[in-house]
file upload-v9.txt (compact mmCIF, N, CA and C atoms)
# COMPACT_ATOMS: atom_id res chain seq x y z
N MET A 25 11.11 -6.76 19.64
CA MET A 25 9.87 -6.01 19.75
C MET A 25 9.49 -5.48 18.38
N SER A 26 8.22 -5.57 18.05
CA SER A 26 7.75 -5.11 16.74
C SER A 26 7.75 -3.60 16.66
N SER A 27 7.74 -3.12 15.45
CA SER A 27 7.76 -1.68 15.26
C SER A 27 6.75 -1.28 14.19
N PHE A 28 5.81 -0.45 14.57
CA PHE A 28 4.85 0.06 13.60
C PHE A 28 5.54 0.95 12.58
N ASP A 29 6.60 1.66 13.00
CA ASP A 29 7.31 2.49 12.04
C ASP A 29 8.09 1.64 11.05
N ASP A 30 8.66 0.51 11.50
CA ASP A 30 9.35 -0.38 10.56
C ASP A 30 8.35 -1.01 9.59
N GLU A 31 7.13 -1.25 10.04
CA GLU A 31 6.07 -1.73 9.14
C GLU A 31 5.86 -0.70 8.02
N ARG A 32 5.71 0.56 8.39
CA ARG A 32 5.54 1.64 7.42
C ARG A 32 6.73 1.70 6.47
N LYS A 33 7.95 1.66 7.03
CA LYS A 33 9.15 1.73 6.19
C LYS A 33 9.21 0.58 5.19
N ALA A 34 8.86 -0.62 5.63
CA ALA A 34 8.90 -1.79 4.75
C ALA A 34 7.93 -1.62 3.58
N ILE A 35 6.72 -1.18 3.87
CA ILE A 35 5.69 -1.03 2.83
C ILE A 35 6.05 0.11 1.88
N GLU A 36 6.41 1.25 2.43
CA GLU A 36 6.75 2.40 1.58
C GLU A 36 7.99 2.12 0.76
N SER A 37 8.98 1.47 1.34
CA SER A 37 10.21 1.15 0.62
C SER A 37 9.94 0.20 -0.54
N ARG A 38 9.14 -0.83 -0.27
CA ARG A 38 8.80 -1.78 -1.34
C ARG A 38 8.12 -1.05 -2.50
N PHE A 39 7.15 -0.19 -2.17
CA PHE A 39 6.46 0.54 -3.22
C PHE A 39 7.42 1.47 -3.96
N ALA A 40 8.18 2.27 -3.22
CA ALA A 40 9.07 3.26 -3.84
C ALA A 40 10.08 2.60 -4.77
N THR A 41 10.68 1.50 -4.34
CA THR A 41 11.69 0.82 -5.14
C THR A 41 11.08 0.26 -6.43
N ALA A 42 9.95 -0.43 -6.30
CA ALA A 42 9.31 -1.02 -7.48
C ALA A 42 8.76 0.05 -8.42
N TRP A 43 8.18 1.10 -7.86
CA TRP A 43 7.61 2.17 -8.69
C TRP A 43 8.70 2.86 -9.48
N ALA A 44 9.83 3.15 -8.82
CA ALA A 44 10.94 3.84 -9.48
C ALA A 44 11.56 2.99 -10.59
N ALA A 45 11.45 1.68 -10.49
CA ALA A 45 12.04 0.78 -11.49
C ALA A 45 11.04 0.44 -12.60
N GLY A 46 9.81 0.89 -12.49
CA GLY A 46 8.77 0.50 -13.43
C GLY A 46 8.50 1.54 -14.51
N ALA A 47 7.47 1.26 -15.27
CA ALA A 47 7.09 2.10 -16.41
C ALA A 47 6.58 3.48 -16.01
N TYR A 48 6.17 3.65 -14.75
CA TYR A 48 5.56 4.90 -14.32
C TYR A 48 6.45 5.67 -13.33
N ALA A 49 7.74 5.47 -13.44
CA ALA A 49 8.70 6.10 -12.51
C ALA A 49 8.56 7.62 -12.47
N ALA A 50 8.14 8.23 -13.56
CA ALA A 50 8.01 9.69 -13.61
C ALA A 50 6.76 10.20 -12.90
N VAL A 51 5.84 9.30 -12.56
CA VAL A 51 4.61 9.70 -11.88
C VAL A 51 4.91 9.88 -10.40
N PRO A 52 4.69 11.07 -9.84
CA PRO A 52 5.03 11.32 -8.43
C PRO A 52 4.15 10.54 -7.46
N VAL A 53 4.72 10.29 -6.28
CA VAL A 53 4.06 9.51 -5.24
C VAL A 53 3.98 10.33 -3.96
N ALA A 54 2.81 10.34 -3.34
CA ALA A 54 2.61 11.00 -2.05
C ALA A 54 2.48 9.93 -0.97
N TYR A 55 3.12 10.19 0.17
CA TYR A 55 3.02 9.32 1.34
C TYR A 55 2.37 10.11 2.47
N GLU A 56 1.73 9.42 3.40
CA GLU A 56 0.99 10.08 4.47
C GLU A 56 1.86 11.05 5.27
N ASN A 57 1.30 12.22 5.49
CA ASN A 57 1.89 13.26 6.33
C ASN A 57 3.31 13.64 5.91
N ALA A 58 3.59 13.53 4.62
CA ALA A 58 4.87 13.98 4.05
C ALA A 58 4.57 15.11 3.07
N GLN A 59 5.48 16.04 2.95
CA GLN A 59 5.29 17.18 2.05
C GLN A 59 5.07 16.67 0.62
N PHE A 60 4.00 17.14 -0.01
CA PHE A 60 3.69 16.77 -1.39
C PHE A 60 2.79 17.82 -2.00
N ASP A 61 3.17 18.30 -3.17
CA ASP A 61 2.34 19.24 -3.92
C ASP A 61 1.83 18.51 -5.15
N PRO A 62 0.54 18.17 -5.19
CA PRO A 62 0.02 17.43 -6.34
C PRO A 62 0.23 18.21 -7.64
N PRO A 63 0.66 17.52 -8.68
CA PRO A 63 0.84 18.20 -9.96
C PRO A 63 -0.51 18.62 -10.53
N GLU A 64 -0.52 19.70 -11.26
CA GLU A 64 -1.76 20.17 -11.87
C GLU A 64 -1.98 19.44 -13.19
N ASN A 65 -3.18 18.87 -13.33
CA ASN A 65 -3.60 18.23 -14.56
C ASN A 65 -2.61 17.15 -15.03
N ALA A 66 -2.07 16.39 -14.07
CA ALA A 66 -1.14 15.30 -14.38
C ALA A 66 -1.37 14.18 -13.37
N PRO A 67 -1.05 12.95 -13.74
CA PRO A 67 -1.28 11.83 -12.82
C PRO A 67 -0.35 11.86 -11.61
N TYR A 68 -0.83 11.27 -10.53
CA TYR A 68 -0.01 11.03 -9.35
C TYR A 68 -0.63 9.89 -8.55
N VAL A 69 0.13 9.42 -7.55
CA VAL A 69 -0.27 8.26 -6.75
C VAL A 69 -0.15 8.63 -5.28
N VAL A 70 -1.07 8.10 -4.46
CA VAL A 70 -1.02 8.31 -3.01
C VAL A 70 -1.00 6.93 -2.33
N VAL A 71 0.00 6.71 -1.46
CA VAL A 71 0.12 5.45 -0.73
C VAL A 71 -0.30 5.70 0.72
N THR A 72 -1.27 4.89 1.18
CA THR A 72 -1.79 5.00 2.54
C THR A 72 -1.74 3.63 3.20
N ILE A 73 -1.34 3.58 4.45
CA ILE A 73 -1.28 2.32 5.21
C ILE A 73 -2.30 2.42 6.34
N ARG A 74 -3.17 1.42 6.42
CA ARG A 74 -4.20 1.40 7.45
C ARG A 74 -4.09 0.13 8.29
N PRO A 75 -3.32 0.18 9.41
CA PRO A 75 -3.31 -0.97 10.32
C PRO A 75 -4.72 -1.20 10.85
N ALA A 76 -5.08 -2.47 11.08
CA ALA A 76 -6.46 -2.77 11.45
C ALA A 76 -6.59 -3.45 12.80
N ASP A 77 -5.91 -4.56 13.03
CA ASP A 77 -6.17 -5.36 14.21
C ASP A 77 -4.88 -6.07 14.61
N GLY A 78 -4.82 -6.47 15.85
CA GLY A 78 -3.70 -7.27 16.34
C GLY A 78 -4.21 -8.41 17.20
N ASN A 79 -3.60 -9.58 17.05
CA ASN A 79 -4.03 -10.76 17.79
C ASN A 79 -2.84 -11.55 18.30
N GLN A 80 -3.03 -12.18 19.44
CA GLN A 80 -2.06 -13.16 19.93
C GLN A 80 -2.45 -14.48 19.28
N GLU A 81 -1.56 -15.06 18.50
CA GLU A 81 -1.89 -16.26 17.73
C GLU A 81 -1.40 -17.55 18.37
N SER A 82 -0.58 -17.44 19.40
CA SER A 82 -0.09 -18.66 20.06
C SER A 82 -0.19 -18.51 21.56
N LEU A 83 -0.27 -19.65 22.25
CA LEU A 83 -0.39 -19.68 23.69
C LEU A 83 0.75 -20.51 24.27
N GLY A 84 0.94 -20.38 25.56
CA GLY A 84 1.94 -21.20 26.23
C GLY A 84 3.25 -20.47 26.40
N SER A 85 4.23 -21.20 26.90
CA SER A 85 5.54 -20.60 27.13
C SER A 85 6.37 -20.69 25.86
N GLY A 86 7.43 -19.97 25.84
CA GLY A 86 8.30 -19.97 24.66
C GLY A 86 7.96 -18.82 23.73
N THR A 87 8.35 -18.98 22.51
CA THR A 87 8.14 -17.95 21.51
C THR A 87 6.65 -17.77 21.21
N GLN A 88 6.22 -16.53 21.20
CA GLN A 88 4.82 -16.19 20.95
C GLN A 88 4.68 -15.54 19.57
N LEU A 89 3.60 -15.87 18.88
CA LEU A 89 3.31 -15.26 17.59
C LEU A 89 2.25 -14.18 17.78
N SER A 90 2.61 -12.96 17.40
CA SER A 90 1.67 -11.85 17.35
C SER A 90 1.38 -11.55 15.89
N ARG A 91 0.11 -11.38 15.55
CA ARG A 91 -0.28 -11.12 14.16
C ARG A 91 -1.04 -9.80 14.09
N TYR A 92 -0.57 -8.93 13.21
CA TYR A 92 -1.21 -7.65 12.98
C TYR A 92 -1.79 -7.65 11.57
N LEU A 93 -2.98 -7.14 11.43
CA LEU A 93 -3.64 -7.06 10.13
C LEU A 93 -3.70 -5.61 9.67
N GLY A 94 -3.77 -5.43 8.37
CA GLY A 94 -3.88 -4.08 7.85
C GLY A 94 -4.18 -4.07 6.36
N VAL A 95 -4.24 -2.86 5.83
CA VAL A 95 -4.57 -2.65 4.43
C VAL A 95 -3.63 -1.60 3.85
N ILE A 96 -3.11 -1.88 2.68
CA ILE A 96 -2.33 -0.90 1.91
C ILE A 96 -3.27 -0.36 0.84
N LEU A 97 -3.44 0.96 0.80
CA LEU A 97 -4.29 1.61 -0.19
C LEU A 97 -3.41 2.42 -1.13
N ILE A 98 -3.55 2.17 -2.41
CA ILE A 98 -2.80 2.93 -3.41
C ILE A 98 -3.81 3.63 -4.30
N SER A 99 -3.89 4.94 -4.15
CA SER A 99 -4.82 5.74 -4.94
C SER A 99 -4.13 6.22 -6.19
N ILE A 100 -4.72 5.92 -7.34
CA ILE A 100 -4.19 6.32 -8.64
C ILE A 100 -5.09 7.45 -9.13
N LEU A 101 -4.51 8.61 -9.39
CA LEU A 101 -5.28 9.76 -9.85
C LEU A 101 -4.76 10.22 -11.20
N VAL A 102 -5.68 10.36 -12.14
CA VAL A 102 -5.35 10.88 -13.47
C VAL A 102 -6.36 11.97 -13.80
N PRO A 103 -6.01 12.91 -14.67
CA PRO A 103 -6.97 13.97 -15.02
C PRO A 103 -8.27 13.38 -15.56
N SER A 104 -9.39 14.01 -15.20
CA SER A 104 -10.68 13.55 -15.68
C SER A 104 -10.78 13.75 -17.19
N ASN A 105 -11.67 13.00 -17.78
CA ASN A 105 -11.93 13.06 -19.22
C ASN A 105 -10.74 12.61 -20.07
N THR A 106 -9.89 11.74 -19.51
CA THR A 106 -8.76 11.21 -20.28
C THR A 106 -8.86 9.69 -20.43
N GLY A 107 -10.00 9.13 -20.06
CA GLY A 107 -10.20 7.69 -20.16
C GLY A 107 -9.65 6.96 -18.95
N GLN A 108 -9.83 5.65 -18.95
CA GLN A 108 -9.42 4.84 -17.81
C GLN A 108 -8.15 4.03 -18.05
N ALA A 109 -7.69 3.94 -19.27
CA ALA A 109 -6.57 3.04 -19.60
C ALA A 109 -5.33 3.32 -18.75
N LEU A 110 -4.90 4.56 -18.68
CA LEU A 110 -3.69 4.88 -17.91
C LEU A 110 -3.88 4.51 -16.45
N ALA A 111 -5.00 4.89 -15.87
CA ALA A 111 -5.25 4.60 -14.45
C ALA A 111 -5.27 3.10 -14.19
N ARG A 112 -5.92 2.34 -15.06
CA ARG A 112 -5.99 0.89 -14.88
C ARG A 112 -4.63 0.23 -15.07
N ASN A 113 -3.84 0.71 -16.02
CA ASN A 113 -2.49 0.16 -16.20
C ASN A 113 -1.60 0.47 -15.00
N MET A 114 -1.73 1.66 -14.45
CA MET A 114 -0.97 2.01 -13.24
C MET A 114 -1.45 1.16 -12.07
N ALA A 115 -2.75 0.89 -11.99
CA ALA A 115 -3.30 0.04 -10.92
C ALA A 115 -2.74 -1.38 -11.04
N ASP A 116 -2.64 -1.88 -12.26
CA ASP A 116 -2.03 -3.21 -12.46
C ASP A 116 -0.59 -3.22 -11.97
N ALA A 117 0.16 -2.17 -12.29
CA ALA A 117 1.56 -2.10 -11.86
C ALA A 117 1.66 -2.07 -10.33
N ALA A 118 0.80 -1.29 -9.69
CA ALA A 118 0.81 -1.20 -8.23
C ALA A 118 0.41 -2.52 -7.59
N ALA A 119 -0.61 -3.17 -8.13
CA ALA A 119 -1.09 -4.44 -7.56
C ALA A 119 -0.01 -5.51 -7.65
N THR A 120 0.73 -5.52 -8.74
CA THR A 120 1.79 -6.51 -8.94
C THR A 120 2.85 -6.44 -7.84
N MET A 121 3.11 -5.26 -7.32
CA MET A 121 4.14 -5.08 -6.29
C MET A 121 3.80 -5.81 -4.99
N PHE A 122 2.51 -5.98 -4.72
CA PHE A 122 2.10 -6.55 -3.44
C PHE A 122 1.41 -7.91 -3.56
N ARG A 123 1.13 -8.37 -4.77
CA ARG A 123 0.42 -9.64 -4.96
C ARG A 123 1.23 -10.80 -4.37
N ARG A 124 0.69 -11.43 -3.31
CA ARG A 124 1.31 -12.57 -2.62
C ARG A 124 2.76 -12.29 -2.18
N ALA A 125 3.08 -11.05 -1.95
CA ALA A 125 4.45 -10.67 -1.58
C ALA A 125 4.71 -10.89 -0.10
N GLN A 126 5.95 -11.24 0.22
CA GLN A 126 6.43 -11.30 1.61
C GLN A 126 7.68 -10.46 1.70
N PHE A 127 7.75 -9.61 2.72
CA PHE A 127 8.89 -8.72 2.88
C PHE A 127 8.92 -8.21 4.31
N SER A 128 10.00 -7.53 4.68
CA SER A 128 10.14 -6.97 6.02
C SER A 128 11.19 -5.86 5.99
N ALA A 129 11.29 -5.14 7.10
CA ALA A 129 12.33 -4.12 7.28
C ALA A 129 12.54 -3.95 8.77
N GLY A 130 13.80 -3.96 9.20
CA GLY A 130 14.09 -3.77 10.62
C GLY A 130 13.34 -4.76 11.48
N SER A 131 12.59 -4.25 12.44
CA SER A 131 11.84 -5.13 13.35
C SER A 131 10.35 -5.19 12.99
N SER A 132 10.04 -5.05 11.70
CA SER A 132 8.64 -5.08 11.27
C SER A 132 8.01 -6.45 11.41
N GLY A 133 8.81 -7.51 11.40
CA GLY A 133 8.27 -8.85 11.28
C GLY A 133 8.00 -9.12 9.82
N THR A 134 7.46 -10.29 9.52
CA THR A 134 7.19 -10.66 8.13
C THR A 134 5.82 -10.15 7.70
N ILE A 135 5.82 -9.35 6.66
CA ILE A 135 4.58 -8.82 6.10
C ILE A 135 4.21 -9.71 4.91
N THR A 136 3.00 -10.25 4.94
CA THR A 136 2.51 -11.11 3.87
C THR A 136 1.25 -10.49 3.29
N CYS A 137 1.29 -10.21 1.99
CA CYS A 137 0.14 -9.59 1.33
C CYS A 137 -0.74 -10.65 0.67
N ARG A 138 -1.99 -10.32 0.53
CA ARG A 138 -2.97 -11.16 -0.16
C ARG A 138 -3.06 -10.69 -1.62
N ILE A 139 -4.14 -11.04 -2.27
CA ILE A 139 -4.35 -10.63 -3.66
C ILE A 139 -4.99 -9.23 -3.67
N PRO A 140 -4.31 -8.23 -4.25
CA PRO A 140 -4.88 -6.89 -4.31
C PRO A 140 -6.11 -6.85 -5.22
N TYR A 141 -6.99 -5.92 -4.94
CA TYR A 141 -8.16 -5.70 -5.78
C TYR A 141 -8.31 -4.21 -6.04
N MET A 142 -9.16 -3.86 -7.01
CA MET A 142 -9.27 -2.49 -7.46
C MET A 142 -10.71 -1.99 -7.29
N ASN A 143 -10.84 -0.73 -6.90
CA ASN A 143 -12.13 -0.05 -6.84
C ASN A 143 -12.06 1.21 -7.68
N VAL A 144 -13.06 1.43 -8.50
CA VAL A 144 -13.15 2.67 -9.27
C VAL A 144 -13.95 3.65 -8.43
N LEU A 145 -13.34 4.77 -8.07
CA LEU A 145 -13.99 5.76 -7.22
C LEU A 145 -14.56 6.93 -8.01
N GLY A 146 -14.23 7.02 -9.29
CA GLY A 146 -14.79 8.07 -10.14
C GLY A 146 -14.04 9.38 -10.05
N VAL A 147 -14.69 10.44 -10.50
CA VAL A 147 -14.07 11.76 -10.56
C VAL A 147 -14.30 12.52 -9.26
N GLN A 148 -13.20 13.04 -8.71
CA GLN A 148 -13.23 13.87 -7.51
C GLN A 148 -12.26 15.03 -7.73
N ASP A 149 -12.73 16.23 -7.59
CA ASP A 149 -11.90 17.42 -7.75
C ASP A 149 -11.12 17.43 -9.06
N GLY A 150 -11.78 17.02 -10.14
CA GLY A 150 -11.17 17.08 -11.46
C GLY A 150 -10.22 15.93 -11.77
N MET A 151 -10.13 14.96 -10.87
CA MET A 151 -9.24 13.82 -11.10
C MET A 151 -10.05 12.52 -11.04
N PHE A 152 -9.82 11.64 -12.00
CA PHE A 152 -10.42 10.31 -12.00
C PHE A 152 -9.57 9.45 -11.07
N ARG A 153 -10.24 8.71 -10.17
CA ARG A 153 -9.50 8.00 -9.12
C ARG A 153 -9.87 6.51 -9.09
N ILE A 154 -8.82 5.70 -9.06
CA ILE A 154 -8.93 4.26 -8.85
C ILE A 154 -8.12 3.95 -7.61
N GLU A 155 -8.61 3.04 -6.79
CA GLU A 155 -7.88 2.66 -5.57
C GLU A 155 -7.58 1.16 -5.60
N VAL A 156 -6.31 0.83 -5.41
CA VAL A 156 -5.88 -0.55 -5.29
C VAL A 156 -5.75 -0.85 -3.80
N THR A 157 -6.35 -1.95 -3.36
CA THR A 157 -6.34 -2.34 -1.96
C THR A 157 -5.62 -3.67 -1.82
N ALA A 158 -4.63 -3.70 -0.94
CA ALA A 158 -3.89 -4.94 -0.66
C ALA A 158 -3.96 -5.22 0.84
N ASP A 159 -4.72 -6.25 1.20
CA ASP A 159 -4.78 -6.67 2.60
C ASP A 159 -3.46 -7.36 2.96
N TYR A 160 -3.02 -7.18 4.20
CA TYR A 160 -1.79 -7.84 4.64
C TYR A 160 -1.90 -8.29 6.08
N GLN A 161 -1.00 -9.19 6.44
CA GLN A 161 -0.81 -9.57 7.83
C GLN A 161 0.68 -9.44 8.11
N ARG A 162 0.98 -9.10 9.36
CA ARG A 162 2.37 -8.94 9.78
C ARG A 162 2.57 -9.83 10.99
N ASP A 163 3.45 -10.82 10.84
CA ASP A 163 3.70 -11.80 11.90
C ASP A 163 5.02 -11.51 12.60
N ILE A 164 4.95 -11.52 13.93
CA ILE A 164 6.14 -11.28 14.75
C ILE A 164 6.24 -12.38 15.79
N PHE A 165 7.39 -13.01 15.85
CA PHE A 165 7.66 -14.01 16.88
C PHE A 165 8.46 -13.34 18.00
N GLU A 166 7.88 -13.35 19.21
CA GLU A 166 8.53 -12.66 20.33
C GLU A 166 8.79 -13.63 21.46
call {"tool": "encode", "arguments": {"input": "upload-v9.txt", "output": "structure tokens"}}
result
Amino acid sequence: MSSFDDERKAIESRFATAWAAGAYAAVPVAYENAQFDPPENAPYVVVTIRPADGNQESLGSGTQLSRYLGVILISILVPSNTGQALARNMADAAATMFRRAQFSAGSSGTITCRIPYMNVLGVQDGMFRIEVTADYQRDIFE
């Protein structure tokens, strides 16, 4: 049986492991509904998972394929008036973690990511924000 929580664990674990091993390991990361105090006047990242749809992909008897779609959103926030270079470089690092990646955890099934893309959201509450979006599908054979 598939697990939405294992889906979350797989995505967050992949991000946390890669981020900690990369050039921006000192930049704090916030996850949904977890305790986090944003640093003042310093960069940070927010990881959000948005499941979207679920479909039965196979018919008949035997093993059935269930496919779930979703989006991984990685918000990169840097202090305003500091330029875009740091935010864009952090966005590149985040996008690399999910570009054409396949991974899983527990009973999540296989998560397959597409090509991430970036949106510049501008300044909000004194922070310049870029969002990296990675569409994914999660396949489970039951």
call {"tool": "closest_residue", "arguments": {"input": "upload-v9.txt", "among": "A:Thr157, A:Thr72, A:Asn79, A:Asn65", "to": "Ala119 (chain A)", "atoms": "all atoms listed in the file"}}
result
A:Thr157
call {"tool": "residues_around", "arguments": {"input": "upload-v9.txt", "residues": "Glu155 (chain A)", "least_positions_apart": "2", "cutoff": "6 Å", "atoms": "only N, CA and C atoms", "output": "list in words"}}
result
Ile98, Ser99, Ile100, Tyr141, Met142, Asn143, Val144, Leu145, Arg153 and Thr157 of chain A
call {"tool": "write_last_selection", "arguments": {"input": "upload-v9.txt", "atoms": "N, CA and C atoms", "output": "mmCIF file, keeping the file's coordinate frame"}}
result
data_model
loop_
_atom_site.group_PDB
_atom_site.id
_atom_site.type_symbol
_atom_site.label_atom_id
_atom_site.label_comp_id
_atom_site.auth_asym_id
_atom_site.auth_seq_id
_atom_site.Cartn_x
_atom_site.Cartn_y
_atom_site.Cartn_z
ATOM 1 N N ILE A 98 -3.550 2.170 -2.410
ATOM 2 C CA ILE A 98 -2.800 2.930 -3.410
ATOM 3 C C ILE A 98 -3.810 3.630 -4.300
ATOM 4 N N SER A 99 -3.890 4.940 -4.150
ATOM 5 C CA SER A 99 -4.820 5.740 -4.940
ATOM 6 C C SER A 99 -4.130 6.220 -6.190
ATOM 7 N N ILE A 100 -4.720 5.920 -7.340
ATOM 8 C CA ILE A 100 -4.190 6.320 -8.640
ATOM 9 C C ILE A 100 -5.090 7.450 -9.130
ATOM 10 N N TYR A 141 -6.990 -5.920 -4.940
ATOM 11 C CA TYR A 141 -8.160 -5.700 -5.780
ATOM 12 C C TYR A 141 -8.310 -4.210 -6.040
ATOM 13 N N MET A 142 -9.160 -3.860 -7.010
ATOM 14 C CA MET A 142 -9.270 -2.490 -7.460
ATOM 15 C C MET A 142 -10.710 -1.990 -7.290
ATOM 16 N N ASN A 143 -10.840 -0.730 -6.900
ATOM 17 C CA ASN A 143 -12.130 -0.050 -6.840
ATOM 18 C C ASN A 143 -12.060 1.210 -7.680
ATOM 19 N N VAL A 144 -13.060 1.430 -8.500
ATOM 20 C CA VAL A 144 -13.150 2.670 -9.270
ATOM 21 C C VAL A 144 -13.950 3.650 -8.430
ATOM 22 N N LEU A 145 -13.340 4.770 -8.070
ATOM 23 C CA LEU A 145 -13.990 5.760 -7.220
ATOM 24 C C LEU A 145 -14.560 6.930 -8.010
ATOM 25 N N ARG A 153 -10.240 8.710 -10.170
ATOM 26 C CA ARG A 153 -9.500 8.000 -9.120
ATOM 27 C C ARG A 153 -9.870 6.510 -9.090
ATOM 28 N N THR A 157 -6.350 -1.950 -3.360
ATOM 29 C CA THR A 157 -6.340 -2.340 -1.960
ATOM 30 C C THR A 157 -5.620 -3.670 -1.820
#
call {"tool": "closest_residue", "arguments": {"input": "upload-v9.txt", "among": "A:Val71, A:Val102, A:Ser132, A:Ala44", "to": "Phe152 (chain A)", "atoms": "only C-alpha atoms"}}
result
A:Val102
call {"tool": "atom_distance", "arguments": {"input": "upload-v9.txt", "atom1": "atom C of Ile164 (chain A)", "atom2": "atom C of Arg124 (chain A)"}}
result
18.3 Å
call {"tool": "closest_residue", "arguments": {"input": "upload-v9.txt", "among": "A:Ala50, A:Met151, A:Val156, A:Met121", "to": "Leu101 (chain A)", "atoms": "all atoms listed in the file"}}
result
A:Met151
call {"tool": "select_by_dssp", "arguments": {"input": "upload-v9.txt", "residues": "region 45-125 of chain A", "states": "strand (DSSP E or B)", "output": "PyMOL selection string"}}
result
chain A and resi 53-55+68-80+89-103
call {"tool": "closest_residue", "arguments": {"input": "upload-v9.txt", "among": "A:Val95, A:Ser104, A:Ala49, A:Gln80", "to": "Gly146 (chain A)", "atoms": "only N, CA and C atoms"}}
result
A:Ser104
call {"tool": "residues_around", "arguments": {"input": "upload-v9.txt", "residues": "Gln126 (chain A)", "least_positions_apart": "3", "cutoff": "9 Å", "atoms": "only C-alpha atoms", "output": "list in words"}}
result
Phe122, Thr134, Ile135, Thr136 and Cys137 of chain A
call {"tool": "select_by_dssp", "arguments": {"input": "upload-v9.txt", "residues": "region 49-157 of chain A", "states": "alpha helix (DSSP H)", "output": "list in words"}}
result
Ala109, Leu110, Ala111, Arg112, Asn113, Met114, Ala115, Asp116, Ala117, Ala118, Ala119, Thr120, Met121 and Phe122 of chain A
